[in-house]
>>> print(open('coords.cif').read())   # mmCIF, C-alpha atoms
data_target
#
loop_
_atom_site.label_atom_id
_atom_site.label_comp_id
_atom_site.auth_asym_id
_atom_site.auth_seq_id
_atom_site.Cartn_x
_atom_site.Cartn_y
_atom_site.Cartn_z
CA LYS A 13 -24.38 -32.29 99.54
CA ALA A 14 -21.44 -30.39 98.07
CA ALA A 15 -21.73 -31.93 94.60
CA ASN A 16 -23.61 -30.14 91.84
CA THR A 17 -23.19 -32.77 89.12
CA VAL A 18 -23.23 -36.49 89.85
CA LYS A 19 -22.43 -39.29 87.40
CA ILE A 20 -24.13 -42.60 88.25
CA ASN A 21 -24.07 -45.77 86.16
CA PRO A 22 -27.40 -46.90 84.64
CA ASP A 23 -27.66 -50.32 86.33
CA ALA A 24 -30.60 -51.34 88.54
CA PRO A 25 -28.68 -51.47 91.87
CA GLN A 26 -27.99 -47.72 91.57
CA LYS A 27 -31.61 -46.77 90.82
CA ASN A 28 -32.22 -45.32 94.29
CA ALA A 29 -28.97 -43.35 94.13
CA ARG A 30 -30.21 -41.80 90.90
CA PHE A 31 -33.57 -41.00 92.50
CA LEU A 32 -31.93 -39.36 95.54
CA THR A 33 -29.73 -37.28 93.23
CA LEU A 34 -32.75 -36.03 91.29
CA GLU A 35 -34.74 -35.43 94.47
CA ALA A 36 -31.90 -33.25 95.77
CA ARG A 37 -32.15 -31.21 92.53
CA LYS A 38 -28.65 -32.15 91.44
CA THR A 39 -27.59 -32.54 87.82
CA LEU A 40 -27.60 -36.27 87.05
CA LEU A 41 -25.43 -37.69 84.28
CA VAL A 42 -25.88 -41.32 83.27
CA PRO A 43 -23.52 -43.05 80.81
CA THR A 44 -25.23 -44.35 77.68
CA PRO A 45 -25.55 -48.15 77.81
CA ARG A 46 -22.29 -49.71 76.57
CA LEU A 47 -21.34 -46.20 75.37
CA ARG A 48 -23.00 -46.98 72.01
CA THR A 49 -24.40 -43.50 71.32
CA GLY A 50 -22.08 -41.19 73.24
CA LEU A 51 -20.79 -40.83 76.77
CA PHE A 52 -23.46 -39.15 78.92
CA ASN A 53 -27.17 -38.56 79.01
CA LYS A 54 -28.29 -35.69 81.21
CA ILE A 55 -31.55 -36.54 82.97
CA VAL A 56 -34.03 -33.66 82.67
CA PRO A 57 -37.20 -34.31 84.72
CA PRO A 58 -40.39 -32.37 83.89
CA SER A 59 -40.81 -29.10 85.75
CA ARG A 60 -42.41 -29.57 89.18
CA ALA A 61 -41.97 -33.33 88.91
CA THR A 62 -43.43 -35.31 91.80
CA LYS A 63 -41.49 -37.99 93.66
CA GLU A 64 -43.28 -40.60 91.61
CA ILE A 65 -42.11 -38.97 88.37
CA LEU A 66 -38.56 -38.67 89.72
CA ARG A 67 -38.59 -42.38 90.55
CA ILE A 68 -39.59 -43.07 86.96
CA CYS A 69 -36.80 -40.78 85.71
CA ALA A 70 -34.35 -42.89 87.72
CA THR A 71 -35.33 -46.11 85.90
CA SER A 72 -33.86 -47.35 82.62
CA GLN A 73 -37.09 -46.40 80.84
CA GLY A 74 -37.06 -42.96 82.43
CA ILE A 75 -33.47 -42.43 81.32
CA LYS A 76 -34.63 -43.00 77.73
CA GLU A 77 -37.63 -40.69 78.00
CA TYR A 78 -36.26 -37.82 80.12
CA SER A 79 -32.69 -37.33 78.94
CA VAL A 80 -30.65 -35.29 76.50
CA PRO A 81 -27.21 -36.29 75.22
CA VAL A 82 -24.10 -34.47 76.40
CA GLY A 83 -21.39 -34.33 73.72
CA LEU A 84 -17.63 -34.17 74.07
CA ASP A 85 -17.75 -30.39 74.05
CA GLY A 86 -20.55 -30.14 76.59
CA LYS A 87 -18.08 -28.82 79.20
CA ALA A 88 -19.38 -31.29 81.78
CA ARG A 89 -17.73 -31.06 85.20
CA VAL A 90 -18.48 -34.05 87.41
CA ASP A 91 -18.24 -33.57 91.18
CA LEU A 92 -19.04 -37.13 92.28
CA VAL A 93 -18.76 -40.48 90.47
CA VAL A 94 -20.90 -43.46 91.52
CA VAL A 95 -20.13 -46.89 90.04
CA GLY A 96 -21.41 -50.40 90.54
CA SER A 97 -19.15 -53.33 91.44
CA VAL A 98 -19.24 -57.11 91.48
CA ALA A 99 -16.69 -57.14 94.29
CA VAL A 100 -14.65 -54.51 96.09
CA SER A 101 -12.00 -54.61 98.80
CA GLU A 102 -11.69 -52.28 101.78
CA LYS A 103 -8.49 -51.04 100.13
CA GLY A 104 -10.62 -49.63 97.32
CA TRP A 105 -9.74 -52.21 94.70
CA ARG A 106 -12.70 -52.97 92.51
CA ILE A 107 -13.80 -55.71 90.14
CA GLY A 108 -16.64 -55.03 87.69
CA LYS A 109 -18.52 -57.30 85.32
CA GLY A 110 -15.42 -57.78 83.21
CA GLU A 111 -16.42 -55.67 80.22
CA GLY A 112 -14.42 -52.61 81.27
CA TYR A 113 -17.11 -50.00 80.67
CA ALA A 114 -16.82 -48.29 84.08
CA ASP A 115 -13.04 -48.07 83.66
CA MET A 116 -13.45 -46.73 80.12
CA GLU A 117 -16.11 -44.20 81.21
CA TYR A 118 -13.77 -42.82 83.85
CA ALA A 119 -10.80 -42.69 81.46
CA MET A 120 -12.95 -40.83 78.93
CA MET A 121 -14.10 -38.37 81.60
CA VAL A 122 -10.43 -37.68 82.40
CA SER A 123 -9.71 -37.09 78.70
CA MET A 124 -12.67 -34.69 78.52
CA GLY A 125 -11.55 -32.84 81.62
CA ALA A 126 -14.82 -33.78 83.35
CA VAL A 127 -13.13 -35.25 86.44
CA GLN A 128 -10.07 -34.24 88.42
CA GLU A 129 -7.62 -36.28 90.48
CA ASP A 130 -9.54 -35.48 93.67
CA THR A 131 -13.05 -36.23 92.31
CA PRO A 132 -14.43 -38.86 94.73
CA VAL A 133 -15.49 -42.25 93.38
CA VAL A 134 -18.12 -44.16 95.34
CA THR A 135 -19.44 -47.70 94.90
CA ILE A 136 -22.69 -49.08 96.34
CA VAL A 137 -22.70 -52.82 97.14
CA HIS A 138 -24.11 -55.42 99.52
CA ASP A 139 -21.96 -56.34 102.53
CA CYS A 140 -21.21 -59.76 101.02
CA GLN A 141 -19.55 -58.06 98.04
CA VAL A 142 -16.81 -56.54 100.22
CA VAL A 143 -14.01 -59.10 99.96
CA ASP A 144 -10.23 -59.36 99.81
CA ILE A 145 -8.88 -58.86 96.29
CA ALA A 146 -5.34 -59.80 95.22
CA GLU A 147 -3.52 -56.79 93.81
CA GLU A 148 -2.13 -58.87 90.92
CA LEU A 149 -5.69 -59.03 89.56
CA LEU A 150 -5.58 -55.27 88.92
CA ASP A 151 -4.24 -53.53 85.85
CA ASP A 152 -3.23 -49.90 85.35
CA HIS A 153 -6.52 -49.10 83.58
CA ASP A 154 -8.67 -50.39 86.49
CA LEU A 155 -10.70 -47.84 88.43
CA THR A 156 -10.35 -47.75 92.22
CA VAL A 157 -12.89 -46.32 94.67
CA ASP A 158 -12.63 -43.87 97.57
CA TYR A 159 -15.79 -44.87 99.45
CA ILE A 160 -17.83 -48.05 99.74
CA LEU A 161 -21.47 -47.85 100.81
CA THR A 162 -23.23 -50.99 102.07
CA PRO A 163 -26.55 -51.40 103.91
CA THR A 164 -24.62 -51.41 107.22
CA ARG A 165 -21.36 -49.53 106.66
CA THR A 166 -19.68 -46.54 105.07
CA ILE A 167 -16.06 -47.45 104.33
CA LYS A 168 -13.44 -44.84 103.52
CA THR A 169 -10.77 -46.78 101.62
CA ASN A 170 -7.86 -44.28 101.72
CA CYS A 171 -6.81 -45.93 98.47
CA LYS A 172 -3.31 -44.94 97.35
CA ARG A 173 -3.38 -46.72 94.01
CA PRO A 174 -3.67 -44.06 91.26
CA LYS A 175 -6.77 -43.91 89.12
CA PRO A 176 -6.52 -44.02 85.30
CA GLN A 177 -4.97 -40.83 83.94
CA GLY A 178 -6.85 -41.03 80.66
CA ILE A 179 -7.40 -43.53 77.88
CA ILE A 180 -4.57 -46.03 77.49
CA TRP A 181 -4.73 -46.26 73.71
CA HIS A 182 -2.38 -49.22 73.30
CA LYS A 183 -4.97 -51.30 75.19
CA VAL A 184 -7.82 -50.21 72.89
CA SER A 185 -8.56 -52.47 69.92
CA TYR A 186 -10.11 -51.65 66.55
CA GLU A 187 -13.09 -53.74 67.64
CA MET A 188 -13.61 -51.56 70.72
CA LEU A 189 -13.22 -48.43 68.58
CA GLY A 190 -16.00 -49.74 66.36
CA LYS A 191 -18.32 -50.50 69.28
CA ILE A 192 -17.80 -47.13 71.02
CA PRO A 193 -18.13 -44.35 68.41
CA ILE A 194 -17.25 -41.54 70.82
CA LEU A 195 -13.81 -43.13 71.27
CA LYS A 196 -13.04 -42.22 67.66
CA SER A 197 -13.66 -38.54 68.35
CA LEU A 198 -11.56 -38.61 71.51
CA ARG A 199 -8.75 -40.36 69.69
CA TYR A 200 -8.86 -37.80 66.90
CA ARG A 201 -8.78 -34.92 69.38
CA GLU A 202 -5.87 -36.38 71.33
CA LYS A 203 -3.90 -37.10 68.17
CA GLN A 204 -4.33 -33.44 67.16
CA THR A 205 -2.64 -32.45 70.44
CA GLY A 206 0.35 -34.68 69.70
CA LYS A 207 -0.45 -37.63 71.98
CA ASP A 208 0.49 -41.18 71.02
CA VAL A 209 -2.81 -42.86 70.13
CA THR A 210 -1.41 -46.07 68.65
CA LEU A 211 -3.96 -48.85 69.13
CA GLN A 212 -3.41 -52.37 70.43
CA ASP A 213 -3.81 -53.83 66.94
CA GLU A 214 -1.46 -51.25 65.41
CA HIS A 215 1.41 -52.35 67.67
CA SER A 216 1.30 -55.82 66.15
CA ASP A 217 0.77 -54.31 62.69
CA LEU A 218 3.88 -52.16 63.09
CA ALA A 219 5.90 -55.18 64.15
CA ASN A 220 4.97 -56.96 60.92
CA ALA A 221 4.92 -53.90 58.64
CA ASN A 222 8.48 -54.22 57.34
CA THR A 223 8.54 -57.91 56.51
CA PRO A 224 9.24 -58.69 52.82
CA ALA A 225 5.70 -60.02 52.37
CA ALA A 226 4.18 -56.86 53.84
CA LEU A 227 6.33 -54.57 51.71
CA ASN A 228 5.39 -56.51 48.59
CA GLU A 229 1.69 -56.28 49.50
CA LYS A 230 2.00 -52.50 49.98
CA ALA A 231 3.65 -52.11 46.58
CA MET A 232 0.89 -54.09 44.88
CA ALA A 233 -1.82 -52.08 46.68
CA ALA A 234 -0.22 -48.79 45.65
CA ASN A 235 -0.31 -49.86 42.00
CA THR A 236 -3.93 -51.02 42.01
CA ARG A 237 -5.93 -48.77 44.37
CA PRO A 238 -8.04 -45.98 42.86
CA GLN A 239 -6.57 -42.57 43.51
CA ALA A 240 -8.85 -40.18 45.40
CA ALA A 241 -8.10 -36.61 44.44
CA MET A 242 -8.45 -34.31 47.43
CA GLY A 243 -7.71 -30.90 45.89
CA SER A 244 -10.41 -28.27 46.33
CA ALA A 245 -11.84 -26.12 43.57
CA GLN A 246 -14.03 -23.13 44.32
CA ILE A 247 -17.28 -23.11 42.31
CA GLY A 248 -18.72 -19.63 41.88
CA GLN A 249 -19.56 -17.69 45.04
CA HIS A 250 -21.87 -20.26 46.64
CA ASP A 251 -19.49 -21.58 49.31
CA VAL A 252 -19.42 -24.97 47.61
CA GLU A 253 -16.18 -26.86 47.16
CA SER A 254 -15.98 -30.07 45.16
CA ASP A 255 -13.02 -32.40 44.90
CA SER A 256 -12.21 -33.52 41.38
CA LEU A 257 -13.54 -36.95 40.44
CA SER A 258 -11.45 -40.06 40.18
CA PRO A 259 -11.34 -41.32 36.59
CA ARG A 260 -13.41 -44.31 37.75
CA LEU A 261 -16.15 -42.13 39.20
CA GLU A 262 -17.72 -40.86 36.01
CA GLY A 263 -20.07 -43.35 34.43
CA SER A 264 -19.53 -46.09 37.01
CA GLY A 265 -23.20 -46.14 38.00
CA MET A 266 -22.34 -47.62 41.43
CA ILE A 267 -21.41 -44.50 43.38
CA THR A 268 -23.01 -44.22 46.83
CA THR A 269 -23.18 -40.85 48.56
CA VAL A 270 -22.91 -40.13 52.27
CA TYR A 271 -24.50 -37.04 53.84
CA VAL A 272 -22.57 -35.22 56.58
CA GLY A 273 -24.63 -32.63 58.47
CA ASN A 274 -24.54 -30.45 61.60
CA ILE A 275 -21.12 -29.12 60.61
CA SER A 276 -20.08 -26.23 62.84
CA PRO A 277 -19.67 -22.84 61.09
CA SER A 278 -16.13 -22.72 62.48
CA VAL A 279 -15.05 -25.94 60.72
CA ARG A 280 -13.10 -25.64 57.48
CA VAL A 281 -13.13 -28.16 54.66
CA SER A 282 -9.47 -28.95 55.39
CA GLU A 283 -10.42 -30.10 58.90
CA LEU A 284 -13.05 -32.46 57.52
CA LYS A 285 -10.58 -33.84 54.99
CA CYS A 286 -8.06 -34.43 57.76
CA ALA A 287 -10.67 -36.30 59.81
CA LEU A 288 -11.69 -38.39 56.80
CA ARG A 289 -8.10 -39.46 56.26
CA GLU A 290 -7.66 -40.16 59.97
CA PHE A 291 -10.70 -42.46 60.07
CA HIS A 292 -9.80 -44.16 56.78
CA ALA A 293 -12.95 -42.80 55.18
CA THR A 294 -11.45 -40.82 52.28
CA PRO A 295 -14.10 -40.49 49.52
CA LEU A 296 -13.68 -40.48 45.77
CA ARG A 297 -15.25 -37.02 45.79
CA LEU A 298 -16.13 -34.45 48.47
CA ASN A 299 -18.85 -31.86 47.87
CA TRP A 300 -18.46 -29.20 50.59
CA GLN A 301 -21.41 -26.88 51.34
CA GLY A 302 -20.20 -24.90 54.32
CA ALA A 303 -22.95 -22.27 54.19
CA GLN A 304 -25.53 -25.04 54.62
CA HIS A 305 -23.38 -26.73 57.31
CA ARG A 306 -23.17 -29.94 55.33
CA ALA A 307 -21.07 -31.97 52.92
CA PHE A 308 -21.61 -34.94 50.58
CA LEU A 309 -19.08 -37.74 50.16
CA ASP A 310 -19.09 -40.07 47.15
CA TYR A 311 -17.82 -43.64 47.59
CA LYS A 312 -17.26 -46.36 45.01
CA ASP A 313 -20.07 -48.61 46.29
CA LYS A 314 -22.62 -49.03 49.06
CA ALA A 315 -20.41 -51.26 51.21
CA THR A 316 -17.62 -48.67 51.25
CA ALA A 317 -20.11 -45.90 52.02
CA GLU A 318 -21.66 -47.87 54.89
CA SER A 319 -18.19 -48.56 56.30
CA ALA A 320 -17.47 -44.82 56.19
CA VAL A 321 -20.74 -44.05 58.00
CA SER A 322 -19.79 -46.55 60.72
CA SER A 323 -16.28 -45.09 61.04
CA LEU A 324 -17.48 -41.48 61.27
CA LYS A 325 -20.44 -42.05 63.59
CA GLY A 326 -20.01 -40.05 66.80
CA LEU A 327 -17.29 -37.81 65.33
CA SER A 328 -17.26 -34.30 66.79
CA LEU A 329 -15.74 -31.34 64.94
CA GLY A 330 -15.77 -27.74 66.15
CA GLY A 331 -18.02 -28.57 69.08
CA ASN A 332 -20.73 -30.31 67.02
CA THR A 333 -21.35 -34.04 66.75
CA LEU A 334 -21.69 -34.68 63.03
CA ARG A 335 -24.79 -36.27 61.57
CA VAL A 336 -23.55 -38.96 59.20
CA GLU A 337 -25.84 -41.17 57.10
CA LEU A 338 -26.37 -42.44 53.57
CA ALA A 339 -27.84 -39.68 51.40
CA LYS A 340 -31.58 -40.11 50.98
CA ASN A 341 -31.52 -39.68 47.21
CA GLN A 342 -28.99 -41.72 45.26
CA ARG A 343 -28.52 -41.50 41.50
CA ASN A 344 -26.46 -43.42 39.01
CA LYS A 345 -23.16 -42.16 37.61
CA GLY A 346 -22.19 -40.50 40.85
CA GLN A 347 -24.93 -37.89 40.70
CA VAL A 348 -26.86 -37.19 43.89
CA GLU A 349 -29.83 -34.95 44.48
CA ILE A 350 -28.88 -32.94 47.53
CA ASN A 351 -31.63 -30.36 47.89
CA SER A 352 -34.02 -32.61 49.81
CA GLN A 353 -31.47 -33.64 52.47
CA LYS A 354 -32.02 -31.33 55.43
#
>>> encode(input="coords.cif", output="C-alpha cells")
Amino acid sequence: KAANTVKINPDAPQKNARFLTLEARKTLLVPTPRLRTGLFNKIVPPSRATKEILRICATSQGIKEYSVPVGLDGKARVDLVVVGSVAVSEKGWRIGKGEGYADMEYAMMVSMGAVQEDTPVVTIVHDCQVVDIAEELLDDHDLTVDYILTPTRTIKTNCKRPKPQGIIWHKVSYEMLGKIPILKSLRYREKQTGKDVTLQDEHSDLANANTPAALNEKAMAANTRPQAAMGSAQIGQHDVESDSLSPRLEGSGMITTVYVGNISPSVRVSELKCALREFHATPLRLNWQGAQHRAFLDYKDKATAESAVSSLKGLSLGGNTLRVELAKNQRNKGQVEINSQK
C-alpha cells in the first residue's frame, strides 16, 4: 500500500502480482528479458483500462505492447522489489534459475540509485519451494529476500545477510558485457567517478600482461596497427568537427560508416571520443555534427564497424541513450552521404 513504484520480474508466476500492482494504480517496472535492451520497461496501460485490459498488460505480450523503456537517467525510485525464486529458505537465502539476472538487476538498481538499503525485497513461491539452504551455496553477489509469500503463509525472514552493494565488476566477464548492453553504460559511468571497474577477464589479462611473449606481441602490434588520428578541426561555422583521416583511409574503398544519433545537446565531442576509446571503438575518422545531435564514425571495414555498433549499443551520454547503427548510405573511398540519415 505504501509503495508508489514496484519492480516485478517478467516471469509467469508473478503475473498476478503485476496485475494487482496495475489494478492498485501503482507504477509497474518490469526488467527487460535477459536485460538485452535496457534495464526496465514501465508498463503504461490505456486510460480507463478495464480489469481485462490490465490482465493483458500483466502478461508477457502485454509488457511488449503497453510499455516504454526507462533509461539509466530515468531517475527511477523503486519502493518494492518482487523477484521469483526456484528455492528460498526462511532465513531469506534465495536460489534462482542459475543465470544471475535477478542478482544483476538488483545490483544495477543499486548503481542507478533506484533502490536503497531498506527497500524491501519479496519473493512469491509455492510452499514446497521453501527449503533449508546451506549458506556455503551463497556468494556475495546473491540477492536475499525480506519476505516470502506462499499460498498459505507470509514469512518475514529478518535476514541479516547484506544485499549486493552494487555491481561487482571483477565477477563480470566480457561475454556478459556483450550480452547486457546497459552494463557498458553503467561501467563507463562508474569508471568516470573513479571506481575500479576491472572485469573478470582483465584480472587474468593483467596477470599475463608482463610476460616476455606478451610484451613482444604488444611491440609488434604497436608497429603494425593503423594510427587513428583523434585531433579535432573546426570546419567553418556549421558546428561540424572532423578528425583527420588515417593515411589508409583515402582511396581504400572499404570504409564502413556508423551513425550515432540522439546525442544530448550537453554532450561535447571530447566526451564521445572518451567513450569510444573506453569501449575500444575508436574510428579512423569521426565526423561530429553537434547541432544535428549526431556523429558519423568511419571504420576500416564492415566487420570492425559492426563490432563497434555492438560495443556501443545501450550507451548513454548526457542523459540520452545513443542510437547506434550502420549508416544507411555507404560510399566507396570513405565517403558517406549523411543528409538522409535522420
>>> resolve_selection(input="coords.cif", expression="the PyMOL selection byres ((chain A and resi 331) around 12)", output="list of chain:residue names")
A:Val82, A:Gly83, A:Leu84, A:Asp85, A:Gly86, A:Lys87, A:Ser197, A:Arg201, A:Asn274, A:Ile275, A:Ser276, A:Pro277, A:Ser278, A:Val279, A:Gly326, A:Leu327, A:Ser328, A:Leu329, A:Gly330, A:Asn332, A:Thr333, A:Leu334
>>> atom_distance(input="coords.cif", atom1="atom CA of A:Val137", atom2="atom CA of A:Arg89")
25.3 Å
>>> closest_atom_pairs(input="coords.cif", of="stretch 89-146 of chain A", to="stretch 169-177 of chain A", cutoff="6 Å", atoms="only C-alpha atoms", output="JSON lines")
{"residue": "A:Glu102", "atom": "CA", "partner": "A:Thr169", "partner_atom": "CA", "distance": 5.6}
{"residue": "A:Lys103", "atom": "CA", "partner": "A:Thr169", "partner_atom": "CA", "distance": 5.1}
{"residue": "A:Gly104", "atom": "CA", "partner": "A:Thr169", "partner_atom": "CA", "distance": 5.2}
{"residue": "A:Ala119", "atom": "CA", "partner": "A:Pro176", "partner_atom": "CA", "distance": 5.9}
>>> residues_around(input="coords.cif", residues="stretch 140-143 of chain A", least_positions_apart="3", cutoff="12 Å", atoms="only C-alpha atoms", output="ChimeraX atom specification")
/A:96-108,135-137,146,159-167,169
>>> resolve_selection(input="coords.cif", expression="the PyMOL selection byres ((chain A and resi 313) around 8)", output="VMD selection string")
chain A and resid 266 to 268 311 to 312 314 to 317
>>> atom_distance(input="coords.cif", atom1="atom CA of A:Met120", atom2="atom CA of A:Arg67")
28.2 Å
>>> resolve_selection(input="coords.cif", expression="the PyMOL selection byres ((chain A and resi 122) around 12)", output="PDB file with C-alpha atoms, in the coordinates of the input")
ATOM      1  CA  LEU A  84     -17.630 -34.170  74.070  1.00  0.00           C
ATOM      2  CA  ALA A  88     -19.380 -31.290  81.780  1.00  0.00           C
ATOM      3  CA  ARG A  89     -17.730 -31.060  85.200  1.00  0.00           C
ATOM      4  CA  VAL A  90     -18.480 -34.050  87.410  1.00  0.00           C
ATOM      5  CA  VAL A  93     -18.760 -40.480  90.470  1.00  0.00           C
ATOM      6  CA  ASP A 115     -13.040 -48.070  83.660  1.00  0.00           C
ATOM      7  CA  MET A 116     -13.450 -46.730  80.120  1.00  0.00           C
ATOM      8  CA  GLU A 117     -16.110 -44.200  81.210  1.00  0.00           C
ATOM      9  CA  TYR A 118     -13.770 -42.820  83.850  1.00  0.00           C
ATOM     10  CA  ALA A 119     -10.800 -42.690  81.460  1.00  0.00           C
ATOM     11  CA  MET A 120     -12.950 -40.830  78.930  1.00  0.00           C
ATOM     12  CA  MET A 121     -14.100 -38.370  81.600  1.00  0.00           C
ATOM     13  CA  SER A 123      -9.710 -37.090  78.700  1.00  0.00           C
ATOM     14  CA  MET A 124     -12.670 -34.690  78.520  1.00  0.00           C
ATOM     15  CA  GLY A 125     -11.550 -32.840  81.620  1.00  0.00           C
ATOM     16  CA  ALA A 126     -14.820 -33.780  83.350  1.00  0.00           C
ATOM     17  CA  VAL A 127     -13.130 -35.250  86.440  1.00  0.00           C
ATOM     18  CA  GLN A 128     -10.070 -34.240  88.420  1.00  0.00           C
ATOM     19  CA  GLU A 129      -7.620 -36.280  90.480  1.00  0.00           C
ATOM     20  CA  ASP A 130      -9.540 -35.480  93.670  1.00  0.00           C
ATOM     21  CA  THR A 131     -13.050 -36.230  92.310  1.00  0.00           C
ATOM     22  CA  LEU A 155     -10.700 -47.840  88.430  1.00  0.00           C
ATOM     23  CA  LYS A 175      -6.770 -43.910  89.120  1.00  0.00           C
ATOM     24  CA  PRO A 176      -6.520 -44.020  85.300  1.00  0.00           C
ATOM     25  CA  GLN A 177      -4.970 -40.830  83.940  1.00  0.00           C
ATOM     26  CA  GLY A 178      -6.850 -41.030  80.660  1.00  0.00           C
ATOM     27  CA  ILE A 179      -7.400 -43.530  77.880  1.00  0.00           C
ATOM     28  CA  ILE A 180      -4.570 -46.030  77.490  1.00  0.00           C
ATOM     29  CA  LEU A 198     -11.560 -38.610  71.510  1.00  0.00           C
TER      30      LEU A 198
END
>>> residues_around(input="coords.cif", residues="A:Arg30", least_positions_apart="2", cutoff="12 Å", atoms="all atoms listed in the file", output="PyMOL selection string")
chain A and resi 17-28+32-42+54-55+57+66-72+74-75+93-95+136
>>> write_last_selection(input="coords.cif", atoms="C-alpha atoms", output="compact mmCIF listing (two decimals), in the frame of the given file")
# COMPACT_ATOMS: atom_id res chain seq x y z
CA THR A 17 -23.19 -32.77 89.12
CA VAL A 18 -23.23 -36.49 89.85
CA LYS A 19 -22.43 -39.29 87.40
CA ILE A 20 -24.13 -42.60 88.25
CA ASN A 21 -24.07 -45.77 86.16
CA PRO A 22 -27.40 -46.90 84.64
CA ASP A 23 -27.66 -50.32 86.33
CA ALA A 24 -30.60 -51.34 88.54
CA PRO A 25 -28.68 -51.47 91.87
CA GLN A 26 -27.99 -47.72 91.57
CA LYS A 27 -31.61 -46.77 90.82
CA ASN A 28 -32.22 -45.32 94.29
CA LEU A 32 -31.93 -39.36 95.54
CA THR A 33 -29.73 -37.28 93.23
CA LEU A 34 -32.75 -36.03 91.29
CA GLU A 35 -34.74 -35.43 94.47
CA ALA A 36 -31.90 -33.25 95.77
CA ARG A 37 -32.15 -31.21 92.53
CA LYS A 38 -28.65 -32.15 91.44
CA THR A 39 -27.59 -32.54 87.82
CA LEU A 40 -27.60 -36.27 87.05
CA LEU A 41 -25.43 -37.69 84.28
CA VAL A 42 -25.88 -41.32 83.27
CA LYS A 54 -28.29 -35.69 81.21
CA ILE A 55 -31.55 -36.54 82.97
CA PRO A 57 -37.20 -34.31 84.72
CA LEU A 66 -38.56 -38.67 89.72
CA ARG A 67 -38.59 -42.38 90.55
CA ILE A 68 -39.59 -43.07 86.96
CA CYS A 69 -36.80 -40.78 85.71
CA ALA A 70 -34.35 -42.89 87.72
CA THR A 71 -35.33 -46.11 85.90
CA SER A 72 -33.86 -47.35 82.62
CA GLY A 74 -37.06 -42.96 82.43
CA ILE A 75 -33.47 -42.43 81.32
CA VAL A 93 -18.76 -40.48 90.47
CA VAL A 94 -20.90 -43.46 91.52
CA VAL A 95 -20.13 -46.89 90.04
CA ILE A 136 -22.69 -49.08 96.34
>>> atom_distance(input="coords.cif", atom1="atom CA of A:Lys325", atom2="atom CA of A:Val56")
24.9 Å
>>> closest_residue(input="coords.cif", among="A:Lys203, A:Ser79, A:Arg306, A:Gln342", to="A:Cys286", atoms="all atoms listed in the file")
A:Lys203
